[in-house]
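Chemist: Below you'll find work-v1.pdb; it's PDB, C-alpha atoms.
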MODEL        1
ATOM      1  CA  MET A  13      50.129 -84.302 -79.086
ATOM      2  CA  SER A  14      52.671 -85.435 -76.461
ATOM      3  CA  MET A  15      52.018 -88.513 -74.363
ATOM      4  CA  ALA A  16      50.908 -88.037 -70.779
ATOM      5  CA  LYS A  17      53.962 -88.146 -68.515
ATOM      6  CA  LEU A  18      51.973 -88.403 -65.269
ATOM      7  CA  GLU A  19      48.946 -90.669 -65.260
ATOM      8  CA  ALA A  20      46.650 -91.262 -62.302
ATOM      9  CA  ALA A  21      43.937 -93.884 -62.833
ATOM     10  CA  ASP A  22      41.084 -94.384 -60.354
ATOM     11  CA  VAL A  23      43.192 -93.384 -57.356
ATOM     12  CA  CYS A  24      41.464 -93.939 -53.998
ATOM     13  CA  MET A  25      42.624 -93.179 -50.478
ATOM     14  CA  GLU A  26      40.817 -94.537 -47.450
ATOM     15  CA  TYR A  27      41.755 -93.933 -43.815
ATOM     16  CA  TYR A  28      40.866 -95.941 -40.740
ATOM     17  CA  GLN A  29      39.687 -93.774 -37.832
ATOM     18  CA  PRO A  30      40.526 -95.543 -34.543
ATOM     19  CA  ARG A  31      38.253 -93.343 -32.391
ATOM     20  CA  THR A  32      35.103 -94.164 -34.355
ATOM     21  CA  GLY A  33      36.156 -97.555 -35.682
ATOM     22  CA  LYS A  34      35.067 -96.416 -39.142
ATOM     23  CA  ARG A  35      36.848 -95.908 -42.447
ATOM     24  CA  MET A  36      36.858 -92.552 -44.217
ATOM     25  CA  LEU A  37      37.173 -92.273 -47.990
ATOM     26  CA  ALA A  38      39.315 -89.172 -48.683
ATOM     27  CA  VAL A  39      39.923 -89.557 -52.438
ATOM     28  CA  ASP A  40      37.574 -91.518 -54.697
ATOM     29  CA  ARG A  41      38.505 -92.834 -58.171
ATOM     30  CA  PHE A  42      40.487 -89.721 -59.034
ATOM     31  CA  CYS A  43      41.880 -89.642 -62.559
ATOM     32  CA  LEU A  44      44.369 -87.165 -63.982
ATOM     33  CA  SER A  45      46.932 -86.917 -66.763
ATOM     34  CA  VAL A  46      49.645 -84.271 -67.050
ATOM     35  CA  ASP A  47      51.782 -83.835 -70.155
ATOM     36  CA  GLU A  48      55.464 -83.023 -70.297
ATOM     37  CA  GLY A  49      56.068 -79.317 -69.659
ATOM     38  CA  GLU A  50      52.501 -78.681 -68.440
ATOM     39  CA  PHE A  51      51.637 -76.558 -65.415
ATOM     40  CA  VAL A  52      48.507 -77.989 -63.764
ATOM     41  CA  SER A  53      46.860 -76.697 -60.591
ATOM     42  CA  ILE A  54      44.396 -78.517 -58.340
ATOM     43  CA  LEU A  55      41.687 -76.577 -56.511
ATOM     44  CA  GLY A  56      38.894 -77.673 -54.230
ATOM     45  CA  PRO A  57      37.221 -77.014 -50.883
ATOM     46  CA  SER A  58      39.139 -77.629 -47.657
ATOM     47  CA  GLY A  59      39.417 -81.316 -46.833
ATOM     48  CA  CYS A  60      38.759 -82.514 -50.376
ATOM     49  CA  GLY A  61      41.984 -84.526 -50.596
ATOM     50  CA  LYS A  62      44.223 -82.192 -52.639
ATOM     51  CA  SER A  63      47.244 -82.529 -50.375
ATOM     52  CA  THR A  64      46.549 -86.231 -49.870
ATOM     53  CA  PHE A  65      46.666 -86.778 -53.629
ATOM     54  CA  ILE A  66      49.927 -84.894 -54.114
ATOM     55  CA  LYS A  67      51.520 -86.891 -51.286
ATOM     56  CA  ILE A  68      50.455 -90.069 -53.091
ATOM     57  CA  VAL A  69      52.079 -88.758 -56.282
ATOM     58  CA  ASP A  70      55.271 -88.012 -54.332
ATOM     59  CA  GLY A  71      55.234 -91.524 -52.885
ATOM     60  CA  LEU A  72      55.024 -90.322 -49.275
ATOM     61  CA  ILE A  73      51.846 -92.362 -48.765
ATOM     62  CA  SER A  74      50.356 -95.222 -50.770
ATOM     63  CA  ALA A  75      46.921 -95.172 -52.384
ATOM     64  CA  THR A  76      44.511 -97.859 -51.212
ATOM     65  CA  ALA A  77      43.387 -98.425 -54.814
ATOM     66  CA  GLY A  78      44.182 -97.257 -58.326
ATOM     67  CA  GLU A  79      47.461 -96.691 -60.093
ATOM     68  CA  LEU A  80      49.948 -93.888 -60.715
ATOM     69  CA  ARG A  81      52.587 -93.866 -63.442
ATOM     70  CA  LEU A  82      55.297 -91.353 -64.275
ATOM     71  CA  ASP A  83      56.874 -91.732 -67.701
ATOM     72  CA  GLY A  84      55.307 -95.185 -67.896
ATOM     73  CA  LYS A  85      56.795 -96.382 -64.612
ATOM     74  CA  LYS A  86      54.556 -97.250 -61.696
ATOM     75  CA  ILE A  87      54.966 -94.992 -58.651
ATOM     76  CA  THR A  88      55.510 -97.137 -55.558
ATOM     77  CA  GLY A  89      57.405 -94.706 -53.314
ATOM     78  CA  PRO A  90      59.579 -91.580 -53.330
ATOM     79  CA  GLY A  91      61.965 -91.190 -56.250
ATOM     80  CA  ARG A  92      64.547 -88.901 -57.806
ATOM     81  CA  ASP A  93      62.140 -88.143 -60.646
ATOM     82  CA  ARG A  94      59.961 -86.038 -58.281
ATOM     83  CA  SER A  95      60.633 -83.070 -55.981
ATOM     84  CA  MET A  96      58.223 -81.519 -53.478
ATOM     85  CA  VAL A  97      57.966 -77.880 -52.430
ATOM     86  CA  PHE A  98      55.928 -77.661 -49.234
ATOM     87  CA  GLN A  99      54.045 -74.721 -47.711
ATOM     88  CA  ASP A 100      56.766 -74.448 -45.067
ATOM     89  CA  SER A 101      60.207 -73.789 -46.559
ATOM     90  CA  SER A 102      61.587 -76.680 -44.439
ATOM     91  CA  LEU A 103      65.152 -75.363 -44.624
ATOM     92  CA  PHE A 104      67.893 -76.563 -42.302
ATOM     93  CA  PRO A 105      68.523 -73.535 -40.047
ATOM     94  CA  TRP A 106      72.165 -74.537 -39.477
ATOM     95  CA  PHE A 107      72.899 -74.660 -43.245
ATOM     96  CA  THR A 108      73.611 -71.681 -45.466
ATOM     97  CA  VAL A 109      71.603 -71.092 -48.647
ATOM     98  CA  ILE A 110      74.140 -72.950 -50.799
ATOM     99  CA  ARG A 111      74.231 -75.933 -48.411
ATOM    100  CA  ASN A 112      70.431 -76.105 -48.281
ATOM    101  CA  VAL A 113      70.164 -76.067 -52.083
ATOM    102  CA  ALA A 114      72.973 -78.614 -52.447
ATOM    103  CA  TYR A 115      71.554 -80.986 -49.833
ATOM    104  CA  GLY A 116      69.571 -83.162 -52.257
ATOM    105  CA  LEU A 117      72.569 -83.535 -54.542
ATOM    106  CA  GLU A 118      74.765 -84.528 -51.610
ATOM    107  CA  CYS A 119      72.176 -87.167 -50.683
ATOM    108  CA  GLN A 120      72.581 -88.529 -54.210
ATOM    109  CA  GLY A 121      76.298 -89.032 -53.597
ATOM    110  CA  LEU A 122      77.926 -85.859 -54.917
ATOM    111  CA  SER A 123      80.748 -84.304 -52.939
ATOM    112  CA  GLY A 124      80.003 -81.058 -51.127
ATOM    113  CA  LYS A 125      82.139 -79.111 -53.580
ATOM    114  CA  GLU A 126      80.513 -80.599 -56.689
ATOM    115  CA  ALA A 127      76.999 -80.279 -55.209
ATOM    116  CA  ALA A 128      77.634 -76.599 -54.483
ATOM    117  CA  LYS A 129      78.931 -76.060 -58.017
ATOM    118  CA  GLN A 130      75.834 -77.657 -59.555
ATOM    119  CA  SER A 131      73.554 -75.728 -57.170
ATOM    120  CA  GLN A 132      74.853 -72.261 -58.069
ATOM    121  CA  PRO A 133      72.904 -71.941 -61.377
ATOM    122  CA  PHE A 134      69.652 -72.609 -59.513
ATOM    123  CA  ILE A 135      70.449 -70.006 -56.863
ATOM    124  CA  ASP A 136      71.022 -67.582 -59.748
ATOM    125  CA  LEU A 137      67.792 -68.735 -61.399
ATOM    126  CA  VAL A 138      65.651 -67.905 -58.351
ATOM    127  CA  GLY A 139      67.301 -64.500 -57.930
ATOM    128  CA  LEU A 140      69.407 -65.154 -54.836
ATOM    129  CA  THR A 141      72.861 -64.474 -56.246
ATOM    130  CA  GLY A 142      74.927 -62.948 -53.448
ATOM    131  CA  PHE A 143      72.960 -64.702 -50.690
ATOM    132  CA  GLU A 144      74.753 -68.058 -50.960
ATOM    133  CA  HIS A 145      76.314 -67.793 -47.495
ATOM    134  CA  HIS A 146      73.309 -66.381 -45.651
ATOM    135  CA  TYR A 147      71.365 -68.477 -43.160
ATOM    136  CA  PRO A 148      67.565 -68.948 -43.352
ATOM    137  CA  TYR A 149      66.902 -66.624 -40.380
ATOM    138  CA  GLU A 150      68.581 -63.837 -42.360
ATOM    139  CA  LEU A 151      66.096 -64.197 -45.235
ATOM    140  CA  SER A 152      62.494 -63.049 -45.705
ATOM    141  CA  GLY A 153      59.719 -65.623 -46.109
ATOM    142  CA  GLY A 154      59.675 -65.135 -49.868
ATOM    143  CA  MET A 155      63.439 -65.588 -50.100
ATOM    144  CA  GLN A 156      63.241 -68.778 -48.029
ATOM    145  CA  GLN A 157      60.700 -70.193 -50.464
ATOM    146  CA  ARG A 158      63.034 -69.312 -53.336
ATOM    147  CA  VAL A 159      65.713 -71.400 -51.625
ATOM    148  CA  ASN A 160      63.168 -74.208 -51.253
ATOM    149  CA  LEU A 161      62.355 -73.997 -54.963
ATOM    150  CA  ALA A 162      66.035 -73.920 -55.959
ATOM    151  CA  ARG A 163      66.663 -77.027 -53.837
ATOM    152  CA  ALA A 164      63.800 -78.850 -55.553
ATOM    153  CA  LEU A 165      65.024 -77.870 -59.028
ATOM    154  CA  ALA A 166      68.690 -78.661 -58.349
ATOM    155  CA  VAL A 167      68.073 -82.433 -58.393
ATOM    156  CA  ASN A 168      66.576 -82.075 -61.894
ATOM    157  CA  PRO A 169      63.218 -83.816 -61.308
ATOM    158  CA  GLN A 170      60.837 -84.771 -64.087
ATOM    159  CA  LEU A 171      57.907 -83.599 -61.971
ATOM    160  CA  LEU A 172      57.826 -80.644 -59.574
ATOM    161  CA  LEU A 173      55.156 -80.959 -56.883
ATOM    162  CA  MET A 174      54.087 -77.811 -55.032
ATOM    163  CA  ASP A 175      51.721 -78.024 -52.057
ATOM    164  CA  GLU A 176      50.449 -74.483 -51.337
ATOM    165  CA  PRO A 177      54.002 -73.076 -51.416
ATOM    166  CA  PHE A 178      52.916 -69.431 -51.040
ATOM    167  CA  ALA A 179      50.158 -69.862 -48.434
ATOM    168  CA  ALA A 180      52.267 -68.508 -45.549
ATOM    169  CA  LEU A 181      53.341 -65.355 -47.406
ATOM    170  CA  ASP A 182      51.716 -61.932 -47.204
ATOM    171  CA  ALA A 183      49.516 -60.897 -50.135
ATOM    172  CA  GLN A 184      52.074 -58.651 -51.828
ATOM    173  CA  THR A 185      54.930 -61.153 -51.568
ATOM    174  CA  ARG A 186      52.622 -63.897 -52.808
ATOM    175  CA  GLU A 187      51.845 -61.941 -55.983
ATOM    176  CA  VAL A 188      55.528 -61.321 -56.632
ATOM    177  CA  MET A 189      56.346 -65.002 -56.057
ATOM    178  CA  GLN A 190      53.643 -66.078 -58.499
ATOM    179  CA  HIS A 191      55.222 -63.923 -61.205
ATOM    180  CA  GLU A 192      58.716 -65.156 -60.324
ATOM    181  CA  LEU A 193      57.565 -68.785 -60.409
ATOM    182  CA  LEU A 194      56.192 -68.307 -63.922
ATOM    183  CA  ASN A 195      59.495 -66.801 -65.056
ATOM    184  CA  ILE A 196      61.388 -69.769 -63.600
ATOM    185  CA  TRP A 197      58.960 -72.293 -65.087
ATOM    186  CA  GLN A 198      59.255 -70.709 -68.527
ATOM    187  CA  GLN A 199      63.023 -71.229 -68.355
ATOM    188  CA  THR A 200      62.954 -74.806 -67.025
ATOM    189  CA  ARG A 201      59.674 -76.075 -68.540
ATOM    190  CA  LYS A 202      59.299 -78.630 -65.788
ATOM    191  CA  MET A 203      56.048 -80.538 -65.446
ATOM    192  CA  VAL A 204      54.355 -78.952 -62.404
ATOM    193  CA  LEU A 205      51.487 -80.118 -60.205
ATOM    194  CA  PHE A 206      50.464 -77.207 -57.977
ATOM    195  CA  ILE A 207      48.040 -77.301 -55.019
ATOM    196  CA  THR A 208      46.349 -74.069 -53.945
ATOM    197  CA  HIS A 209      43.200 -72.615 -52.377
ATOM    198  CA  GLN A 210      43.544 -69.389 -54.382
ATOM    199  CA  ILE A 211      41.468 -69.377 -57.560
ATOM    200  CA  ASP A 212      43.269 -66.419 -59.149
ATOM    201  CA  GLU A 213      46.647 -67.999 -58.374
ATOM    202  CA  ALA A 214      45.653 -71.222 -60.116
ATOM    203  CA  ILE A 215      44.337 -69.431 -63.217
ATOM    204  CA  TYR A 216      47.334 -67.115 -63.471
ATOM    205  CA  LEU A 217      49.912 -69.895 -63.243
ATOM    206  CA  SER A 218      48.320 -72.793 -65.050
ATOM    207  CA  ASP A 219      47.712 -74.385 -68.411
ATOM    208  CA  ARG A 220      44.853 -76.319 -66.806
ATOM    209  CA  VAL A 221      42.947 -76.065 -63.533
ATOM    210  CA  ILE A 222      41.561 -79.241 -61.966
ATOM    211  CA  VAL A 223      38.613 -78.789 -59.597
ATOM    212  CA  MET A 224      37.989 -81.477 -56.982
ATOM    213  CA  SER A 225      34.681 -82.146 -55.268
ATOM    214  CA  ALA A 226      34.149 -82.083 -51.521
ATOM    215  CA  ARG A 227      35.296 -85.202 -49.683
ATOM    216  CA  PRO A 228      35.597 -87.805 -50.987
ATOM    217  CA  GLY A 229      37.629 -85.917 -53.583
ATOM    218  CA  ARG A 230      36.561 -86.670 -57.126
ATOM    219  CA  LEU A 231      37.319 -84.962 -60.422
ATOM    220  CA  MET A 232      34.662 -82.282 -60.963
ATOM    221  CA  ALA A 233      36.163 -80.252 -63.802
ATOM    222  CA  ASP A 234      39.280 -80.040 -65.960
ATOM    223  CA  ILE A 235      39.438 -76.455 -67.263
ATOM    224  CA  LYS A 236      41.899 -75.395 -69.948
ATOM    225  CA  ILE A 237      43.130 -71.838 -69.329
ATOM    226  CA  ASP A 238      43.201 -70.175 -72.724
ATOM    227  CA  ILE A 239      45.196 -67.077 -71.794
ATOM    228  CA  PRO A 240      48.365 -66.395 -73.815
ATOM    229  CA  ARG A 241      51.798 -66.607 -72.238
ATOM    230  CA  PRO A 242      53.897 -64.874 -71.047
ATOM    231  CA  ARG A 243      51.433 -63.557 -68.472
ATOM    232  CA  HIS A 244      51.804 -60.449 -66.350
ATOM    233  CA  LEU A 245      50.011 -59.750 -63.083
ATOM    234  CA  TRP A 246      47.709 -57.206 -64.718
ATOM    235  CA  VAL A 247      46.077 -60.072 -66.647
ATOM    236  CA  LYS A 248      44.123 -60.797 -63.450
ATOM    237  CA  ARG A 249      41.952 -57.765 -64.299
ATOM    238  CA  ASP A 250      41.206 -59.007 -67.818
ATOM    239  CA  PRO A 251      37.515 -59.902 -68.456
ATOM    240  CA  LYS A 252      38.444 -63.397 -69.672
ATOM    241  CA  PHE A 253      40.413 -64.004 -66.457
ATOM    242  CA  LEU A 254      37.404 -62.900 -64.414
ATOM    243  CA  GLU A 255      35.169 -65.279 -66.380
ATOM    244  CA  TYR A 256      37.408 -68.186 -65.392
ATOM    245  CA  THR A 257      37.341 -66.959 -61.780
ATOM    246  CA  ASP A 258      33.519 -66.916 -61.721
ATOM    247  CA  GLN A 259      33.275 -70.329 -63.404
ATOM    248  CA  ILE A 260      35.612 -71.999 -60.919
ATOM    249  CA  TRP A 261      34.171 -70.198 -57.880
ATOM    250  CA  HIS A 262      30.644 -71.408 -58.713
ATOM    251  CA  LEU A 263      31.929 -74.986 -58.871
ATOM    252  CA  ILE A 264      33.725 -74.717 -55.535
ATOM    253  CA  GLU A 265      30.920 -72.763 -53.854
ATOM    254  CA  SER A 266      28.484 -75.604 -54.505
ATOM    255  CA  GLN A 267      30.870 -78.044 -52.835
ATOM    256  CA  VAL A 268      31.517 -75.777 -49.848
ATOM    257  CA  LYS A 269      27.756 -75.484 -49.263
ATOM    258  CA  ARG A 270      27.412 -79.237 -49.582
ATOM    259  CA  THR A 271      30.127 -79.769 -46.966
ATOM    260  CA  MET A 272      28.555 -77.246 -44.568
ATOM    261  CA  ALA A 273      25.156 -78.898 -44.904
ATOM    262  CA  ALA A 274      26.652 -82.332 -44.225
ATOM    263  CA  ASP A 275      28.531 -81.020 -41.170
ATOM    264  CA  GLN A 276      25.297 -79.567 -39.771
ATOM    265  CA  VAL A 277      23.584 -82.940 -40.134
ATOM    266  CA  VAL A 278      26.431 -84.673 -38.299
ATOM    267  CA  ALA A 279      26.416 -82.010 -35.550
ATOM    268  CA  SER A 280      22.679 -82.425 -35.020
ATOM    269  CA  ARG A 281      23.183 -86.140 -34.418
ATOM    270  CA  ASP A 282      25.881 -85.646 -31.761
TER
ENDMDL
END
Translate this structure into structure tokens?

Modeler:
Amino acid sequence: MSMAKLEAADVCMEYYQPRTGKRMLAVDRFCLSVDEGEFVSILGPSGCGKSTFIKIVDGLISATAGELRLDGKKITGPGRDRSMVFQDSSLFPWFTVIRNVAYGLECQGLSGKEAAKQSQPFIDLVGLTGFEHHYPYELSGGMQQRVNLARALAVNPQLLLMDEPFAALDAQTREVMQHELLNIWQQTRKMVLFITHQIDEAIYLSDRVIVMSARPGRLMADIKIDIPRPRHLWVKRDPKFLEYTDQIWHLIESQVKRTMAADQVVASRD
């Protein structure tokens, strides 16, 4: 068995709320390990700390307690070993596709010409050959997210972080992008940590699905998805797939009800 490449041990995140003068615990003693080449998704009710955790992994914010290590090295801030794909494509509107993809490489010191040369294989990989000199406004939402993914892959990270990257897409485009992402992952075999609200998306993409509790986010379940790869979209109708869907939904439903009950108690006090 391979050693865990990403290790999170008892990670906590607490925020101070100036209006109330109180502190809010968003993530509580969260533990997770991800092996090299694994695709792991994190699910949980709204506000459970999924996006907070992935930002901690990326080094955008610092945990108030606990420790994170990637390949044995402590994570203390952003680094070249990680790339983030956000929900919004976050492309520079004044750059062409090739310039957007090459941007990270240019930031690392490569010349524009060399960065473009190294970026081309990733544009080909995400299926945008021929669109190198188009601007973002000339692309569909799905194509913009492909550019975003190519940009993240071009810097050759150890860990690819994806925070609800398909949430803004229509249902049909989202399904196509899920299938395309799997094809790309199977070619690159990057370690992926993927945040989503969609249960079927998490099951379809992942080797394991992590379920977080309602705030403060804790580890509720670590579910191994025993569905053979390569996977096609029709697998979502398979009885085994539906069993996983029911299992995970029951876990999340209990937390959603818990959150609603707590909110009603708070509202009654106001």

Chemist: Name all residues at most 10 Å from region 197-208 of chain A (count all atoms listed in the file; drop same-chain ones fewer than 4 positions away) and give them as number ranges by chain.

Modeler: A: 17-18, 46-56, 62-63, 65-66, 69, 94-99, 137, 165, 168-179, 191-193, 212-214, 217-218, 221-222, 241-242

Chemist: Fewer than 6 positions away in the same chain doesn't count, so skip those; otherwise give me all residues within 9 Å of Gly124 (chain A), counting only C-alpha atoms, as a list in words.

Modeler: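 After dropping sequence-adjacent residues, the list is Arg111, Ala114, Tyr115, Leu117 and Glu118 of chain A.
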
Chemist: Return as a list in words the set of residues that the PyMOL selection byres ((chain A and resi 107) around 12) yields on the displayed structure.

Modeler: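 Selected by the PyMOL selection byres ((chain A and resi 107) around 12) in this file: Ser102, Leu103, Phe104, Pro105, Trp106, Thr108, Val109, Ile110, Arg111, Asn112, Val113, Ala114, Tyr115, Glu144, His145, His146, Tyr147, Pro148, Tyr149, Glu150 and Val159 of chain A.
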
Chemist: So that each row is one residue of region 113-223 of chain A with an atom at most 8 Å from region 250-263 of chain A, can you give its shortest atom pair and the distance in Å to one decimal, using only C-alpha atoms, rows by chain and rising number, as a tab-separated table?

Modeler:
residue	atom	partner	partner_atom	distance
A:Ile211	CA	A:Thr257	CA	6.4
A:Asp212	CA	A:Thr257	CA	6.5
A:Ile215	CA	A:Tyr256	CA	7.4
A:Val223	CA	A:Ile260	CA	7.5

Chemist: Can you work out the spacing between CA of Ser266 (chain A) and CA of Ala21 (chain A) in Å, to one decimal?

Modeler: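 About the pair CA of Ser266 (chain A) and CA of Ala21 (chain A): they are 25.3 Å apart.
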
Chemist: Given only C-alpha atoms as the basis, pick out the residue of A:Gln120, A:Arg220, A:Pro30, A:Ser131 nearest to Asp234 (chain A).

Modeler: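 Closest to Asp234 (chain A), using only C-alpha atoms: A:Arg220.
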
Chemist: Taking all atoms of region 231-249 of chain A that the file lists and extending 6 Å past them on each side, where is the centre of the axis-aligned box and how long are its edges? Answer in Å to one decimal, as AutoDock Vina command-line options.

Modeler:
--center_x 44.3 --center_y -71.1 --center_z -67.1 --size_x 31.2 --size_y 39.8 --size_z 25.4

Chemist: So how far away is CA of Asp100 (chain A) from CA of Val247 (chain A), in Å?

Modeler: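 Here the two named atoms are 28.0 Å from each other.
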
Chemist: Could you check how far CA of Arg186 (chain A) sits from CA of Val167 (chain A), in Å to one decimal?

Modeler: 24.8 Å

Chemist: Using only C-alpha atoms, pick whichever of A:Ala128, A:Gly142, A:Tyr216, A:Gly229 has the shortest atom-to-atom distance to Arg249 (chain A).

Modeler: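 Comparing A:Ala128, A:Gly142, A:Tyr216, A:Gly229 against Arg249 (chain A), the winner is A:Tyr216.
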
Chemist: Can you spell out as a CSV table (one decimal) with C-alpha atoms, in the coordinates of the input the set of residues that the PyMOL selection byres ((chain A and resi 134) around 9) selects in the structure I just provided?

Modeler:
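To be explicit, this is the file written out as expr.csv:
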chain,number,residue,atom,x,y,z
A,113,VAL,CA,70.2,-76.1,-52.1
A,130,GLN,CA,75.8,-77.7,-59.6
A,131,SER,CA,73.6,-75.7,-57.2
A,132,GLN,CA,74.9,-72.3,-58.1
A,133,PRO,CA,72.9,-71.9,-61.4
A,135,ILE,CA,70.4,-70.0,-56.9
A,136,ASP,CA,71.0,-67.6,-59.7
A,137,LEU,CA,67.8,-68.7,-61.4
A,138,VAL,CA,65.7,-67.9,-58.4
A,139,GLY,CA,67.3,-64.5,-57.9
A,140,LEU,CA,69.4,-65.2,-54.8
A,159,VAL,CA,65.7,-71.4,-51.6
A,161,LEU,CA,62.4,-74.0,-55.0
A,162,ALA,CA,66.0,-73.9,-56.0
A,163,ARG,CA,66.7,-77.0,-53.8
A,165,LEU,CA,65.0,-77.9,-59.0
A,166,ALA,CA,68.7,-78.7,-58.3

Chemist: Hey, what comes out of the PyMOL selection byres ((chain A and resi 23) around 10) on this file? Could you write it as an NGL selection string?

Modeler: :A and (20-22 or 24-25 or 39-44 or 65 or 68 or 74-80 or 230)

Chemist: What's the 7 Å shell around Ser101 (chain A), counting all atoms listed in the file, without same-chain residues fewer than 5 positions away, as a list in words?

Modeler: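 In the requested form, the answer reads Gln156, Gln157 and Asn160 of chain A.
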
Chemist: Kindly output region 232-239 of chain A as a short mmCIF file (atom, residue, chain, number, x, y, z; two decimals), in the frame of the given file, after building all heavy atoms.

Modeler:
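The file below, selection06.cif, is the result:
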data_model
loop_
_atom_site.label_atom_id
_atom_site.label_comp_id
_atom_site.auth_asym_id
_atom_site.auth_seq_id
_atom_site.Cartn_x
_atom_site.Cartn_y
_atom_site.Cartn_z
N MET A 232 35.86 -83.01 -60.58
CA MET A 232 34.66 -82.28 -60.96
C MET A 232 34.80 -81.63 -62.33
O MET A 232 33.88 -81.63 -63.14
CB MET A 232 34.35 -81.19 -59.94
CG MET A 232 33.53 -81.60 -58.77
SD MET A 232 33.02 -80.13 -57.82
CE MET A 232 31.83 -79.40 -58.91
N ALA A 233 35.96 -81.01 -62.56
CA ALA A 233 36.16 -80.25 -63.80
C ALA A 233 37.64 -80.18 -64.15
O ALA A 233 38.50 -80.15 -63.26
CB ALA A 233 35.59 -78.85 -63.67
N ASP A 234 37.92 -80.19 -65.43
CA ASP A 234 39.28 -80.04 -65.96
C ASP A 234 39.19 -78.87 -66.95
O ASP A 234 38.69 -79.02 -68.06
CB ASP A 234 39.70 -81.33 -66.65
CG ASP A 234 41.15 -81.28 -67.14
OD1 ASP A 234 41.69 -80.18 -67.29
OD2 ASP A 234 41.71 -82.37 -67.42
N ILE A 235 39.66 -77.70 -66.52
CA ILE A 235 39.44 -76.46 -67.26
C ILE A 235 40.74 -75.97 -67.91
O ILE A 235 41.72 -75.69 -67.21
CB ILE A 235 38.88 -75.37 -66.33
CG1 ILE A 235 37.56 -75.85 -65.71
CG2 ILE A 235 38.69 -74.05 -67.07
CD1 ILE A 235 37.07 -75.00 -64.55
N LYS A 236 40.74 -75.90 -69.21
CA LYS A 236 41.90 -75.40 -69.95
C LYS A 236 41.90 -73.87 -69.86
O LYS A 236 40.88 -73.23 -70.13
CB LYS A 236 41.84 -75.84 -71.40
CG LYS A 236 43.00 -75.32 -72.26
CD LYS A 236 42.92 -75.86 -73.67
CE LYS A 236 43.93 -75.21 -74.59
NZ LYS A 236 45.31 -75.31 -74.12
N ILE A 237 43.02 -73.29 -69.46
CA ILE A 237 43.13 -71.84 -69.33
C ILE A 237 43.71 -71.26 -70.63
O ILE A 237 44.90 -71.36 -70.90
CB ILE A 237 44.03 -71.45 -68.13
CG1 ILE A 237 43.51 -72.12 -66.84
CG2 ILE A 237 44.08 -69.95 -67.98
CD1 ILE A 237 42.09 -71.76 -66.47
N ASP A 238 42.83 -70.69 -71.40
CA ASP A 238 43.20 -70.18 -72.72
C ASP A 238 43.57 -68.70 -72.64
O ASP A 238 42.87 -67.83 -73.16
CB ASP A 238 42.04 -70.40 -73.71
CG ASP A 238 42.43 -70.08 -75.14
OD1 ASP A 238 43.64 -70.03 -75.43
OD2 ASP A 238 41.51 -69.87 -75.97
N ILE A 239 44.65 -68.43 -71.93
CA ILE A 239 45.20 -67.08 -71.79
C ILE A 239 46.64 -67.13 -72.28
O ILE A 239 47.43 -67.93 -71.76
CB ILE A 239 45.12 -66.57 -70.34
CG1 ILE A 239 43.67 -66.48 -69.87
CG2 ILE A 239 45.81 -65.22 -70.20
CD1 ILE A 239 43.51 -66.11 -68.41
#
